[in-house]
$ cat upload02.txt   # compact mmCIF, C-alpha atoms
# COMPACT_ATOMS: atom_id res chain seq x y z
CA MET W 1 29.89 -5.06 8.83
CA ILE W 2 27.20 -5.43 6.19
CA LEU W 3 29.44 -3.99 3.47
CA ASN W 4 31.90 -6.84 4.03
CA HIS W 5 29.28 -9.33 2.81
CA LEU W 6 28.27 -7.53 -0.38
CA PHE W 7 30.86 -9.41 -2.46
CA HIS W 8 28.86 -12.61 -1.84
CA PHE W 9 26.14 -11.26 -4.15
CA GLY W 10 26.47 -11.71 -7.91
CA PRO W 11 25.41 -9.48 -10.84
CA LEU W 12 22.10 -11.33 -11.14
CA ASP W 13 21.31 -10.45 -7.52
CA ALA W 14 21.89 -6.79 -8.32
CA VAL W 15 19.67 -6.99 -11.42
CA ALA W 16 16.89 -8.74 -9.51
CA LEU W 17 17.07 -6.26 -6.65
CA LEU W 18 17.06 -3.30 -9.04
CA TRP W 19 14.05 -4.78 -10.86
CA LEU W 20 12.23 -5.19 -7.53
CA PHE W 21 12.74 -1.60 -6.37
CA ALA W 22 12.21 -0.13 -9.85
CA GLY W 23 8.97 -2.07 -10.16
CA TRP W 24 7.81 -0.85 -6.75
CA TRP W 25 8.49 2.79 -7.66
CA VAL W 26 7.16 2.67 -11.23
CA VAL W 27 4.01 0.76 -10.34
CA GLY W 28 3.24 3.29 -7.62
CA ARG W 29 3.73 6.21 -9.99
CA VAL W 30 1.62 4.68 -12.76
CA ILE W 31 -1.20 3.77 -10.38
CA GLU W 32 -1.36 7.24 -8.83
CA ARG W 33 -0.72 9.05 -12.14
CA PRO W 34 -2.10 6.77 -14.85
CA PRO W 35 -2.14 7.59 -18.57
CA ALA W 36 -4.98 9.78 -19.81
CA GLY W 37 -8.06 7.72 -20.58
CA LYS W 38 -6.81 4.72 -18.57
CA PRO W 39 -7.57 5.48 -14.91
CA SER W 40 -6.54 3.00 -12.24
CA VAL W 41 -8.92 1.68 -9.61
CA SER W 42 -7.25 3.97 -7.06
CA VAL W 43 -7.94 7.02 -9.24
CA LEU W 44 -11.52 5.93 -9.92
CA MET W 45 -12.12 5.60 -6.19
CA ARG W 46 -11.15 9.24 -5.71
CA ASP W 47 -14.24 10.29 -7.65
CA PHE W 48 -16.42 7.93 -5.64
CA ARG W 49 -15.01 9.33 -2.39
CA LYS W 50 -15.91 12.83 -3.53
CA ALA W 51 -19.38 11.63 -4.49
CA TRP W 52 -19.69 10.06 -1.04
CA MET W 53 -19.11 13.42 0.63
CA VAL W 54 -21.62 15.10 -1.70
CA GLU W 55 -24.28 12.63 -0.56
CA PHE W 56 -23.10 12.91 3.03
CA VAL W 57 -24.11 16.58 3.20
CA THR W 58 -27.79 15.82 2.60
CA ARG W 59 -27.98 12.44 4.36
CA SER W 60 -29.86 12.30 7.63
CA PRO W 61 -29.06 10.68 9.94
CA ARG W 62 -25.37 10.24 9.21
CA ILE W 63 -24.86 7.04 11.16
CA PHE W 64 -24.16 5.12 7.94
CA ASP W 65 -21.25 7.43 7.07
CA GLY W 66 -19.84 7.16 10.57
CA ASN W 67 -19.88 3.37 10.30
CA ILE W 68 -18.02 3.51 6.99
CA ILE W 69 -15.23 5.73 8.28
CA GLY W 70 -15.02 3.56 11.39
CA SER W 71 -14.61 0.44 9.24
CA LEU W 72 -11.84 2.14 7.23
CA ARG W 73 -9.97 2.98 10.44
CA GLN W 74 -10.38 -0.56 11.77
CA GLY W 75 -9.00 -2.03 8.56
CA THR W 76 -6.03 0.31 8.73
CA THR W 77 -5.45 -0.58 12.38
CA PHE W 78 -5.26 -4.25 11.45
CA PHE W 79 -2.47 -3.61 8.95
CA VAL W 80 -0.63 -1.36 11.40
CA SER W 81 -0.61 -4.20 13.94
CA ALA W 82 0.32 -6.82 11.34
CA THR W 83 3.27 -4.85 9.99
CA MET W 84 4.45 -3.99 13.50
CA LEU W 85 4.51 -7.69 14.39
CA SER W 86 6.35 -8.45 11.14
CA ILE W 87 8.99 -5.84 11.93
CA GLY W 88 9.49 -7.30 15.39
CA GLY W 89 9.78 -10.81 13.97
CA GLY W 90 12.27 -9.69 11.33
CA ILE W 91 14.45 -7.89 13.86
CA ALA W 92 14.38 -10.93 16.14
CA LEU W 93 15.42 -13.16 13.24
CA ILE W 94 18.30 -10.88 12.33
CA GLY W 95 19.41 -10.80 15.95
CA ASN W 96 19.79 -14.58 15.98
CA ALA W 97 22.44 -15.12 13.33
CA GLU W 98 22.92 -18.83 14.04
CA GLN W 99 19.23 -19.61 13.67
CA LEU W 100 19.07 -17.43 10.57
CA SER W 101 21.95 -19.31 8.93
CA GLY W 102 20.28 -22.64 9.66
CA LEU W 103 17.00 -21.47 8.19
CA ALA W 104 18.77 -20.15 5.10
CA ARG W 105 20.56 -23.45 4.54
CA ASP W 106 17.26 -25.32 4.76
CA LEU W 107 15.59 -22.97 2.28
CA ALA W 108 18.30 -22.44 -0.30
CA GLN W 109 20.53 -25.46 0.28
CA ALA W 110 23.50 -23.10 0.11
CA GLU W 111 26.28 -22.07 2.43
CA ALA W 112 26.75 -18.35 3.08
CA PRO W 113 27.70 -16.12 6.00
CA ALA W 114 24.90 -15.03 8.31
CA GLY W 115 25.45 -11.44 7.14
CA VAL W 116 24.25 -12.34 3.65
CA TRP W 117 20.92 -13.58 4.97
CA GLU W 118 20.67 -10.59 7.28
CA ILE W 119 20.93 -8.28 4.26
CA LYS W 120 18.15 -10.18 2.51
CA ILE W 121 15.93 -9.93 5.58
CA LEU W 122 16.71 -6.21 5.83
CA VAL W 123 15.50 -5.63 2.27
CA ILE W 124 12.21 -7.32 3.13
CA LEU W 125 11.98 -5.24 6.30
CA LEU W 126 12.49 -2.03 4.32
CA PHE W 127 9.22 -2.66 2.51
CA VAL W 128 7.47 -3.66 5.73
CA VAL W 129 8.67 -0.53 7.55
CA ASP W 130 7.53 1.64 4.65
CA ALA W 131 4.12 -0.08 4.80
CA PHE W 132 3.93 0.46 8.57
CA LEU W 133 4.63 4.18 8.26
CA LYS W 134 2.08 4.55 5.45
CA PHE W 135 -0.59 2.68 7.43
CA VAL W 136 0.03 4.75 10.56
CA TRP W 137 -0.34 7.99 8.61
CA ALA W 138 -3.43 6.69 6.79
CA HIS W 139 -5.02 5.79 10.13
CA ARG W 140 -4.39 9.29 11.41
CA LEU W 141 -5.77 10.87 8.23
CA PHE W 142 -8.94 8.79 8.45
CA GLY W 143 -9.26 10.15 11.99
CA TYR W 144 -8.90 13.70 10.68
CA CYS W 145 -11.51 12.90 8.04
CA ALA W 146 -13.94 11.73 10.75
CA ILE W 147 -13.50 15.02 12.62
CA LEU W 148 -14.04 17.05 9.45
CA MET W 149 -17.17 15.05 8.72
CA ALA W 150 -18.41 15.80 12.22
CA ALA W 151 -17.79 19.49 11.54
CA VAL W 152 -20.13 19.51 8.51
CA PRO W 153 -23.27 21.45 9.53
CA ASN W 154 -26.49 19.42 9.69
CA ASP W 155 -28.23 22.00 7.53
CA PRO W 156 -27.29 21.36 3.86
CA ALA W 157 -28.05 25.02 3.12
CA HIS W 158 -25.45 26.24 5.60
CA PRO W 159 -22.70 28.23 3.80
CA ALA W 160 -19.95 26.02 5.23
CA ALA W 161 -21.60 22.64 4.62
CA GLN W 162 -20.31 22.01 1.11
CA PHE W 163 -16.87 23.43 1.86
CA ARG W 164 -16.41 21.23 4.94
CA ALA W 165 -17.57 18.18 2.97
CA GLU W 166 -15.00 18.93 0.26
CA GLN W 167 -12.29 19.18 2.91
CA ALA W 168 -13.33 15.81 4.33
CA ALA W 169 -13.25 14.31 0.83
CA GLU W 170 -9.71 15.56 0.16
CA VAL W 171 -8.40 14.23 3.47
CA ASN W 172 -10.18 10.94 2.84
CA ILE W 173 -8.49 10.70 -0.56
CA GLN W 174 -5.08 11.36 0.98
CA ALA W 175 -5.71 8.71 3.63
CA ALA W 176 -6.65 6.17 0.96
CA LYS W 177 -3.58 7.11 -1.09
CA ASN W 178 -1.31 6.31 1.86
CA PHE W 179 -3.23 3.14 2.65
CA ASN W 180 -2.88 1.92 -0.94
CA ALA W 181 0.84 2.76 -0.92
CA GLY W 182 1.19 0.70 2.25
CA LEU W 183 -0.56 -2.24 0.62
CA ARG W 184 1.80 -2.05 -2.36
CA SER W 185 4.77 -2.20 -0.01
CA VAL W 186 3.25 -5.28 1.64
CA TYR W 187 2.92 -6.88 -1.80
CA PHE W 188 6.56 -6.15 -2.58
CA SER W 189 7.76 -7.35 0.82
CA LEU W 190 6.16 -10.69 -0.02
CA GLY W 191 7.68 -10.44 -3.49
CA ALA W 192 11.12 -10.01 -1.90
CA LEU W 193 10.86 -13.18 0.19
CA PRO W 194 11.95 -15.53 -2.63
CA TRP W 195 15.35 -13.83 -2.60
CA LEU W 196 16.10 -16.21 0.27
CA LEU W 197 16.01 -18.93 -2.39
CA GLY W 198 18.17 -17.05 -4.90
CA SER W 199 18.27 -14.29 -7.48
CA VAL W 200 16.21 -16.10 -10.14
CA PRO W 201 13.28 -16.71 -7.76
CA LEU W 202 13.46 -13.02 -6.84
CA LEU W 203 13.25 -12.00 -10.52
CA ILE W 204 10.25 -14.25 -11.05
CA SER W 205 8.54 -13.11 -7.86
CA ALA W 206 9.11 -9.41 -8.55
CA THR W 207 7.70 -9.80 -12.05
CA ALA W 208 4.66 -11.65 -10.71
CA THR W 209 4.09 -8.96 -8.08
CA ILE W 210 4.22 -6.19 -10.69
CA TYR W 211 1.79 -8.10 -12.91
CA VAL W 212 -0.69 -8.77 -10.09
CA LEU W 213 -0.74 -5.10 -9.05
CA TRP W 214 -1.10 -3.92 -12.66
CA ARG W 215 -3.94 -6.33 -13.34
CA ARG W 216 -5.87 -5.41 -10.20
CA GLU W 217 -5.59 -1.71 -10.95
CA PHE W 218 -6.09 -1.71 -14.72
CA ALA W 219 -7.65 -5.00 -15.85
CA SER W 220 -9.75 -6.31 -12.97
CA GLN W 221 -13.44 -7.12 -12.94
CA SER W 222 -14.00 -4.59 -10.16
CA ARG W 223 -12.56 -1.84 -12.37
CA MET W 224 -14.97 -2.77 -15.16
CA VAL W 225 -17.85 -2.46 -12.71
CA MET W 226 -16.69 1.00 -11.59
CA MET W 227 -16.29 2.18 -15.17
CA ARG W 228 -19.92 1.43 -16.06
CA HIS W 229 -21.24 4.64 -14.54
CA LEU W 230 -18.79 7.07 -12.98
CA PRO W 231 -19.82 9.84 -10.58
CA GLY W 232 -20.86 12.98 -12.43
CA THR W 233 -21.94 11.15 -15.59
CA LYS W 234 -25.50 10.83 -16.81
CA ALA W 235 -27.21 7.49 -16.48

$ encode --input "upload02.txt" --output "structure tokens"
Amino acid sequence: MILNHLFHFGPLDAVALLWLFAGWWVVGRVIERPPAGKPSVSVLMRDFRKAWMVEFVTRSPRIFDGNIIGSLRQGTTFFVSATMLSIGGGIALIGNAEQLSGLARDLAQAEAPAGVWEIKILVILLFVVDAFLKFVWAHRLFGYCAILMAAVPNDPAHPAAQFRAEQAAEVNIQAAKNFNAGLRSVYFSLGALPWLLGSVPLLISATATIYVLWRREFASQSRMVMMRHLPGTKA
């Protein structure tokens, strides 16, 4: 059914769509594996998460740390709920082809079969579904991290204290990695929305999304603050 509507898309649609998905994949790779000497904010935060667990071992009481991990889980829960609602709304919109066609005509002032707009909505939903899955897994990993933190002995001199803290740090890093990947998919789902207006708006939007993510990871004020004194360096 969907394949029958593919001929309604032109070469520029294919280029814009390829640019969108290529940007999503490349940006994710560069952020998680940045060039040597040019760490991203996500990579910098890995060191701070490890430093957090180092301090956690000797902190007493550990209520502060429990509040932090609780806040991280709450934030992840919010995005899980938001993406779930977005998926439901997208599916409902696709299921109502007549309403979808009317909305598309109002947005793009163009006539096209309902299947064409359904394909465009599906592309947006692909990013939202990916974000949902990443957020769900991040939420679970933050839960694992909380349990590992609870398993760290209260005595800093205990043989297992440092090892357990390192385990908690690694799980925390993996949770953050999935959370960040989910956020990138949310960015690109929003970047895909202008495709409803046409291929040129999609090209512009995808380029803007790539630029915003690059700037926030490699040229933001917050990154400059983090770079002033990294964990493990002398003051």

$ residues_around --input "upload02.txt" --residues "Ala181 in chain W" --least-positions-apart "2" --cutoff "9 Å" --atoms "only C-alpha atoms" --output "PyMOL selection string"
chain W and resi 28+130-131+134-135+176-179+183-186

$ atom_distance --input "upload02.txt" --atom1 "CA of Ser199 in chain W" --atom2 "CA of Ala16 in chain W"
6.1 Å

$ closest_residue --input "upload02.txt" --among "W:Leu202, W:Leu126, W:Ile210, W:Met227" --to "Ser86 in chain W" --atoms "only C-alpha atoms"
W:Leu126

$ atom_distance --input "upload02.txt" --atom1 "CA of Ser40 in chain W" --atom2 "CA of Trp214 in chain W"
8.8 Å

$ atom_distance --input "upload02.txt" --atom1 "CA of Ser71 in chain W" --atom2 "CA of Asp47 in chain W"
19.6 Å

$ residues_around --input "upload02.txt" --residues "range 138-144 of chain W" --least-positions-apart "4" --cutoff "10 Å" --atoms "only C-alpha atoms" --output "PyMOL selection string"
chain W and resi 69-70+72-77+79-80+132-134+148-150+168+171-182

$ residues_around --input "upload02.txt" --residues "range 159-166 of chain W" --least-positions-apart "3" --cutoff "10 Å" --atoms "only C-alpha atoms" --output "ChimeraX atom specification"
/W:49-58,145,148-156,169-172

$ residues_around --input "upload02.txt" --residues "Lys120 in chain W" --least-positions-apart "5" --cutoff "10 Å" --atoms "all atoms listed in the file" --output "list in words"
Ile94, Gly115, Leu125, Ala192, Leu193, Pro194, Trp195 and Leu196 of chain W

$ closest_residue --input "upload02.txt" --among "W:Trp117, W:Trp24, W:Phe78, W:Phe64" --to "Thr209 in chain W" --atoms "all atoms listed in the file"
W:Trp24

$ closest_residue --input "upload02.txt" --among "W:Phe21, W:Phe48, W:Tyr211, W:Phe9" --to "Met226 in chain W" --atoms "all atoms listed in the file"
W:Phe48
